Structure formats: C-alpha cells, structure tokens
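Data block below; observations after.
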Amino acid sequence: MGRPSLRTWVLGLLGWLAAILLFFPIFWMTITAFKTEQGAYQPDLFFIPTLQSFREVFARSRYGGFALNSICISCGSTVLCFLLAIPAAYRMAFFPTRHTQSTLLWMLSTKMMPAVGVLLPVYLLFRSAGLLDSIRGLILIDTLINLPVCVWMTYTYFCEIPAAILEAARVDGAGFWSEIWHVLAPMALPGMSSTALLLIVLSWNEAFWSLNLTSAQAAPLTVFIASYSSPEGLFWAKLSAASLLAVAPILVMGWLTQKQLVSGLTLGAIK
Amino acid sequence: MRSTMTLAAGCLLASLAGAAEPTRVTIAAVNNPAMIELKKLSTKFEAANPNLKLNWVVAEENVLRQRVTTDISTGSGQFDLVFLGQYEAPIFAKGGWLREMRDFPASYDLEDVFQSLRDGLSYEGKLYALPFYGESSMLMYRKDLFAAKGLTMPEQPTYDDIKKFAAALTDKSAGIYGITLRGKPGWGENMAYLSTLINTFGGCWFDLQWKPQIDSPEWKNAISCYVDLMRNYGPPGATANGFNENLTLFASGKAAMWIDSTYGAGPLYDKKESQVADKVAFASAPVAVTSHGSHWLWSWALAIPNAAKSPEAAKKFALWATSKEYVGMVAADAGWASVPPGSRKSTYDNPEYQRAAPFARVTLKAMQTADPLRPSLKPVPYQGIQFVGIPPFQSFATVVGQYIAGALAGQMTVDQALKASQAAATRAMQQGGYLK
Amino acid sequence: MWLQAPSVVPLALWMTVPLALTIYFSFRHYSLLTPEARGFARLQNYRFLWEDPAFLPAIRNTLVLIGSVLVITVGLGTLLAALYERRFFGRNAATLLVIAPFFVMPTVSALVWKNMILHPVYGLLALALGKLGLAPIDWFGAYPMLALIIIISWEWLPFAFLILFTSLQSLDAEQREAAQIDGANSIQFFLHITIPHLRRAMSVVVMIETIFLLSLFAEIYTTTSGGPGTATTNLAYLVYSLGLQQFDVGIASAGGILAVVLANFAAFFLVRLLAGGLKGGH
C-alpha cells in the first residue's frame, strides 16, 4: 500500500468532488453572510467582503444569551440521555431476552407521534407544571425526544463488541462499573462519540419545541435564527450571518470529535 | 444537568444580590423593519423609565402569530404586550383575553388614529389594541418602462387596463415581466391579495347563511384573470413568491407592475436596498366591477393580554410606541420615509412626510377608503376585506390558497381548484358549526 | 430488567401522559379560539380528517418521501462510506465537508435551497442553466416533490454516511487481507464483505431516518406550504393544516393518533424487512 497509485488519485478526486458538491450550499451561505443585503442576490463569487450583516445581527439580538441557552440545553439533554440509555443498552446488548426486540421497537414508536399533533397538550401540560420558558423544560423535552435514538444507537454499538472481552475482564475480577469504564467505554468510544454528536446536533437544531415553549428567557439559537427569516423585507445577508453564527459552534465541536472518530480504533483487537 | 444547576445557582445569587428589581415587560413582535426600528429606539424609553426593562421576543409573522395565539388563548401570561392584527384582535377580544384600551391622556389624541383601523381593532364598541402601523394595498409600477412604451397609468386603473399594460410591457428575453403578484399559498399570503381581487370582481367568501361562494361566477372570473395574467406575463416560480420575493423581484428591476402592500413602498424608495428607487410610481389598486374591497386594510397593533404580569408598564410602553412623539423620533433617526405609515392622520398632514414619501398620497387615499365592515358588493355576515374574521379561516383559506397555487402551477384547471376549494370550505364550516 | 428501568420509566410517562391527553382531546371539540364550542365530539374529528380529499394523497406523499430519501441516503451513503474508507489526500478535511449539511438547521437549509439555489429567477441553478442556453426550471411549481426529496436527502446523507463510515471502521484488517489474498477485486469485496458487514448499521440508519421522516414538517412548511394543490402535503403537514393552523386541539389530536397508528403499520413491515439487524448480537 506504498506509493499512491492512479486508483488512489481517482478515488481521491471522486471523494473530493462529492465533498465539494455536498458542501456547496453551505459555502454559498457562508459567503453571502459577508455580502451587503443588496449584493446578497447577485451570484458573484468575488466581491468585497463586509462585516455589516454581522454588525447588524449583533446589534439587534443578544447572540451570547441565545448561544448559552443552546449549549446548556444540548449538553444537558445529551448527558441526561446517556445516563438513562447506557444501562438499558448494556442490558439489552449483553443480556438479551425475548422482550428485547419489542422493547426497542416500542421505544422507537414513541417518536412516531408528529410534534404538530401533540404540541397543544404538551403546551398545556408545561403551563401547569410551570415549565414554560425554562431551560430545564427544554432539556426534559429534548431528552425524551432523543432517548429512543440514543438507546438504539448505543445498543447497536454495544452489539459490535464481542462478549468475550467483557467475560475476560469479569474473570479478571473487574466490578460492573470498572467493566464499563475500563473495558467497554474505550471500545465503544467511536460509536458513542458519533451518537453524542448526533444527539447534540439534533438538540441544537430542534426548532419546533424550542420555538413554541420558550419566550424571553430560555430561547436557544433556533429562536434567534427564526427572528431573521421574514416574509417582509430583505434579509438574506443577515440570515446567512445569523445562520453562520448558529452553526459555527457546532461545526467546530464536530471537527474536534471528528478526530476521535477517524482515529482508527479497531475493534478486532482481541483476536 | 450540571450546567442547569450552575445556572440555577447563578440565578439565585443574582436575585439575592439584586436591589430593587425592575419591572419586566415581555413584548412579542414581528421582525418587520418598523418593529426592528421600534426595538432600537426603545432604549430611549428604558432610559426615561429606569424602573422598567423590556424583553423582546422577535419572530417571523406566522411563528409569532402561533406563539401569541397559543399563549393568549390559554391565559399563559408569557407576554405582557403583543403585536397582533386586525384578524386576531376581535377574536381575542370576544374570548375575553385582552384588556380594554381606555383612559388615554389628552396628548395622545386618539381621534388622530384612523377610524377604520380603530373599528377593526374593536369588539362591541370597545377598543382593544393600539395601531402601530397600518397598511392597505396599491399598485406600484415602473414609470420609466411605461414612458418608454408611451403608456400612462390612470389614477384608478381597471383590471382591463392592467391586462393591456402587462401584455405591452412583458419582455421575457430581457428578463422583464409585465406583472408580479403573490402566489405563495397561505391565508395571509396569496389569499390576502386574491380576496381583494374577488371582492372587486363582485364576489365574496360567504353569503348571509355562511354558505361558501367559491363556486360562484365572480370567483371564476377573478381567479381566471389572475391565472391568465400570471401565466402569460408573470415570472416563473410564482407559486413560491410571497411579499418578500416579489419585493426583491421589483426592487431588482425585473417586474413592471406589482400589486401589494403599501408597506412595500418604503423599501422600494430606499436607495440602499432598491435598484429602482427613482423609477417607481404608484396608483390605486385596480378595480373591476366594483371598488368595494379592492384594497385591503391591515394594521399591526399593540394589545395587552389579560394574563399579563405587568399590564400597567405594558400600557405605558404601548402609548409611547404609538404616539405622535414616537413618529418624530423615527423621523430624526431614520428619515421621514421610514416612519410608521398608515396609522395617524397627523403623519400625513406633515409636509415633511409628504416630501419624503411620494407614495403618501395614494396610501392615505387607500387607508381612508378601505372599509372592513362592508368588504363586498353583496351583504356578508363577516368583517374583514382580505380575511374573514372567524377562527377556522386560517385553516381553510390556506387550503384554498394551496388549490389556487395548484391551478397557477398548471397542475389543475381553475374549475377543479375552485371545486376542491368549495368542498374544503364547506367541510370546514360544517365542522366549525357555522353550517348545519 | 432492573437496568432497563431508568429508561423505561420516563418513556412510559412520555408515552402515557401526552398520549392519553391526545386520545382524550381527539374525541372532543376543543378549539383554543372558540371556547364556547366545547363538547364531546365522538368520531367527528377523525371523520373530518380521513374524509378529507387530501388524506390519502398525504399518506401516499409520506411514503414516497420516506422511501425516496431512504434509498438515496442509504445508497449514496454506502458508496461514499466505501469510497472514504480508502485513504486519500486530505480525507479528514473532506469528511468534515461531507458531514457539514447535517449541522445546519432544517429551516435554514430549506431557505437556502429554495431561494439561493433552486429559484428560477435568481437561483444559482437557473443561472447555470441560462449560461447553457436552457430555460430555468420552476422546481417548486413543477416538481415540488422532487425538490423536497433533493433537499431532505442532502440534509440526511451526512448522517447515513457517518453511521456507515463509523461501522466500516470496525471492518477487520484481517478480513480485508484475506480477501486480497483470495484475489477478490474491489467490486466483489464491496458486495460480499462490505455490504453484509454494514447490515446492522444500515438498519440503524433506516429505522432512525424513518422515524424522523415520518413527522417531517419544517422543510415543507418553509418551501411549499404543502402545495401546489396537495402535491407535497404529508401527514404531519395535513395535521398542521387542518388542525393546528386554526388552533383546533381536537382535530390536531385526532391527526396525531392517526399518524401513530399508520406509523406503527409502517414500522411493522419495516421490521419484517430488517429482521436480521434487530436481533442482539451475542
């Protein structure tokens, strides 16, 4: 596998072509963020960049407040999800019963109710419980929305770990939590990282509930963006700027996690 | 979890450390340029009233409407002050969810506010909201393109005139479309314009027994006219075009005529945002059979929910934001062309405004002749020119808008669209208990 | 079972309480805006929904949408994952570009596609077509479903790619060497080793995407509002259009229940199809 062959070059070209095609809309949105409102509709690739739109966005809204809320809610709900999902996934992956499959399906089916159908009952429930416009209310909702996905994916990644390793550790006298921490976690790490990334992204972009259940205090970035999409008035450059500001933190975070995913941990170690 | 607890601990400390807590007023607003300007200038209000703090919740119109309606109708008290329109105000007032607006200081001059707006925001004679700005609809056109073809636009054009002009002015190879109209489905989108079209062709939504009139010949004439105009002389992709998209089309010079909100005039005049700032002229919205209901009436107004936590402070701000002094503040900050239009007569009497906003005359005429209590040639059981003031309207009108968009896109004939719309409206009225 | 309890209890609550509320409301006249018209509705809310001429088209549209997006994302995702599995220059950077679309808010994605790319007057695609001398395509007027499928596939392809790619990481180096020794070429390797290995990952992708796509709403709301006509109305949008838009809790709730019933049907068949991927591996 030494010198790069023609095949590697061709593959590389294809790979990059796919990447550029997929990334292009985001690229376009990014450069629009640096245009003036008037220039936003012109298809110019080369132009004089300006920070005008960013300035207006920062002047108009408290970006920091929204971002902080988004971070709290995404991280809070992801942590809570894992706390609840890991024990269940562990149980189902390593000690499956005849009920396992139906339990999994039942968990997934809770997600089948379209949010538009259950919005008003939940709103009324939240109102009675005093959870409207609160961070813990949104953490609760996001956790419950993402829990089935978290359980399912963690279960799948646990399944890929040969039971032999765990048995070996148990034979060596490791306790349950030690087993999880020292043996299971390192091997399931790529999978759990991608699950965590997925959950954070899902929670970060969750717009329907965050729009409807918050007002002034607990509003996350999805509400911030919603205030820039308007049926009245030119808004393209500002929307692009706002979207960039909303996507940037999570893209950076994704890049950091990316290293772990691609670090090449192989699971076939015990053989 | 940890972050929540840290946050909670922080809040606890903050509340212990804080001295006299300022009264918080939570305001729900749309992200229109006028309201964004209000938000910007509201710091002056906060400076003059140091014991009040304004919290703004700004969202797009439809999202905001949903939020506000859910909050107000369940008495949740999330907002102290909300922006709402002519459609919601009477419905909310009827449900007993709004505080009556009364006890005005003499300097406020309530009589200065347009009567038609006040009527639309009242229920059983009592006023429930203060208009922030009002709008009607009118025709905007490119005087340079007209001059080049030797055409003149009459003060009150008819739809026959419009057809002639559109045919003469369309030059698709040069990217000029004779006319652009709303096509995006929605009760406040394409149906807002189409209702006025139907009114002026002599039609209406319901007869006195609440039977839908969508299968009437007046509807057929109106919708056929619309579809023909757009198919022959309109831009492609019309079914995705709402106010915004059409504003962009006109401002970038691609359309010769545009019938839409008077609110569109301001941005068209702004040299920073429009390429046709010195080429645009205005005329009254076209008429066909009658001038009843040929142009709409809408205002965004400030109302205080009954469940508001700081109603007195909210009222104070509402009075400030809709006062004559505020108009002066905007003029000083952003120029006379950007002041809240269509709400006060005094704005239109002001010579500076007339100078800065050449569209003022046509707008004033439109505001004064729009009558929401008598929107159609025929007697009707509802009020509202471009809407019907009943709760199910939002739903079935959007469905009708979808079918008409389908006809515009060529997926069905006008007859099929009208038939399906009639069925949808009938079912909705039966479900809603209006029809037996 | 004790270990499953922590996640089962909150889910039970989540299922039961709002579900019970929804069932309750579905049998009542309860519109937020007309408090005077409350009362027992028997099956009227349900009848209003399933007698609507848009009901069957909505179901059909839902299935078409889900099916198309699944085929595109899983198919392209597998190919991309296999492609990226080989080391090529700058692969890490390219991977980041590929997964980027998943991070953007669905509403923003939809707006960017609708106004910047697909718009027939000033979209980039129209511009490109114009340079080639072709007429612009009115995507949302003439091919609304196709436009939606493109947008949603674009949003979900990174997810499928990520899951499949991560799963490929665990493909034995040994297996690969063994196959090379046996003289298998790339295509044979791909078909006989890669794809079976990915079966479990594929079933994860299919299940999760199906769950999310069943209640797809934001993109339709932003672009076509379910139209033109009923061309892009799916079940979730129908519930919104007939119920939520006029704040009628009764109709919206009945719609929610109908959606759950239909989704369970779909899941039933899906499970049959993917039976292999669901069994525990130990």
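By convention here, the chains of the structure tokens are called A, B, ... in the order presented, each chain's residues are numbered starting at 1, and ligands are numbered starting at 1 in the order presented.
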
(request) Write out as a ChimeraX atom specification each polymer residue whose atoms come within 9 Å of region 111-120 of chain C, counting only C-alpha atoms; drop sequence neighbours fewer than 4 positions from it. (result) /A:25-26,28-29,41,43,229,240 /B:235-237,240,245 /C:106-107,124-127,135-140,147,151,219,222-223

(message) Residues of chain B within 7 Å of chain A, counting only C-alpha atoms - could you list those as a PyMOL selection string?
(response) chain B and resi 1+3-4+26+31-33+55-60+67+76+78+242-244+273

(message) Report, in Å with one decimal, the straight-line distance from CA of Ile141 (chain A) to CA of Ser241 (chain C).
(response) 23.8 Å

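With only C-alpha atoms taken into account, chain A has Gly12, Ala19, Leu22, Phe23, Leu84, Pro87, Ala88, Ala93, Met112, Met113, Pro114, Val116, Gly117, Cys159, Asn205, Thr266 and Leu267 of chain A at most 6 Å from chain C.
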
Surrounding residues of Ala54 (chain C) excluding itself and chain neighbours under 2 positions, 10 Å, only C-alpha atoms, as a PDB file with C-alpha atoms, in the first residue's frame:
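Done, and the output landed in result-v1.pdb:
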ATOM      1  CA  VAL B 399     -56.163  25.122   1.799  1.00  0.00           C
ATOM      2  CA  ALA B 424     -62.901  22.260   1.684  1.00  0.00           C
TER       3      ALA B 424
ATOM      4  CA  LEU C  49     -59.545  14.035   8.730  1.00  0.00           C
ATOM      5  CA  TRP C  50     -59.982  10.809   6.893  1.00  0.00           C
ATOM      6  CA  GLU C  51     -62.802  12.119   4.749  1.00  0.00           C
ATOM      7  CA  ASP C  52     -60.642  14.970   3.634  1.00  0.00           C
ATOM      8  CA  LEU C  56     -54.972   9.576   1.003  1.00  0.00           C
ATOM      9  CA  PRO C  57     -52.633  11.785  -1.043  1.00  0.00           C
ATOM     10  CA  ALA C  58     -50.990  12.747   2.240  1.00  0.00           C
ATOM     11  CA  ILE C  59     -50.322   9.135   3.123  1.00  0.00           C
ATOM     12  CA  ARG C  60     -49.023   8.458  -0.340  1.00  0.00           C
ATOM     13  CA  GLY C 229     -52.507  21.652  -4.510  1.00  0.00           C
ATOM     14  CA  THR C 230     -51.673  18.687  -2.275  1.00  0.00           C
ATOM     15  CA  ALA C 231     -48.519  17.680  -4.074  1.00  0.00           C
ATOM     16  CA  THR C 233     -48.705  17.564   1.804  1.00  0.00           C
ATOM     17  CA  ASN C 234     -47.587  14.768   4.060  1.00  0.00           C
ATOM     18  CA  LEU C 235     -49.439  13.508   7.083  1.00  0.00           C
ATOM     19  CA  LEU C 238     -52.044  17.798   6.948  1.00  0.00           C
TER      20      LEU C 238
END

(message) So that I can check the secondary structure, give me every residue of region 44-263 of chain B assigned alpha helix (DSSP H) by backbone DSSP, as number ranges by chain.
(response) B: 44-48, 61-73, 88-94, 115-120, 143-148, 159-169, 190-200, 217-233, 243-251

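Of the residues under consideration (C:Thr34, C:Arg272, C:Ile23, C:Thr73), C:Thr34 shows the shortest atom-to-atom contact distance to chain B when counting only C-alpha atoms.
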
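We find CA of Trp187 (chain B) and CA of Val400 (chain B) to be spaced 8.3 Å apart.
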
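Interface residues on chain B toward chain C (cut-off 7 Å, only C-alpha atoms): B:Ser73, B:Pro185, B:Pro236, B:Gly237, B:Thr239, B:Ala240, B:Pro391, B:Pro392, B:Gln394, B:Ser395, B:Gln402, B:Tyr403, B:Ala405, B:Gly406, B:Ala409.
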
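Nearest-residue note for Ala207 (chain A): choosing from B:Ser274, B:Val63, B:Gly389, B:Thr23, the minimum distance belongs to B:Val63, counting only C-alpha atoms.
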
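Note that CA of Leu144 (chain A) and CA of Ser210 (chain A) are 13.8 Å apart.
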
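In this comparison, which uses only C-alpha atoms, the residue of B:Lys163, B:Arg374, B:Lys345, B:Arg102 approaching Lys324 (chain B) most closely is B:Lys345.
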
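The closest residue to Ala255 (chain B), picked from B:Tyr353, B:Phe45, B:Tyr193, B:Tyr141 and counting only C-alpha atoms, is B:Tyr141.
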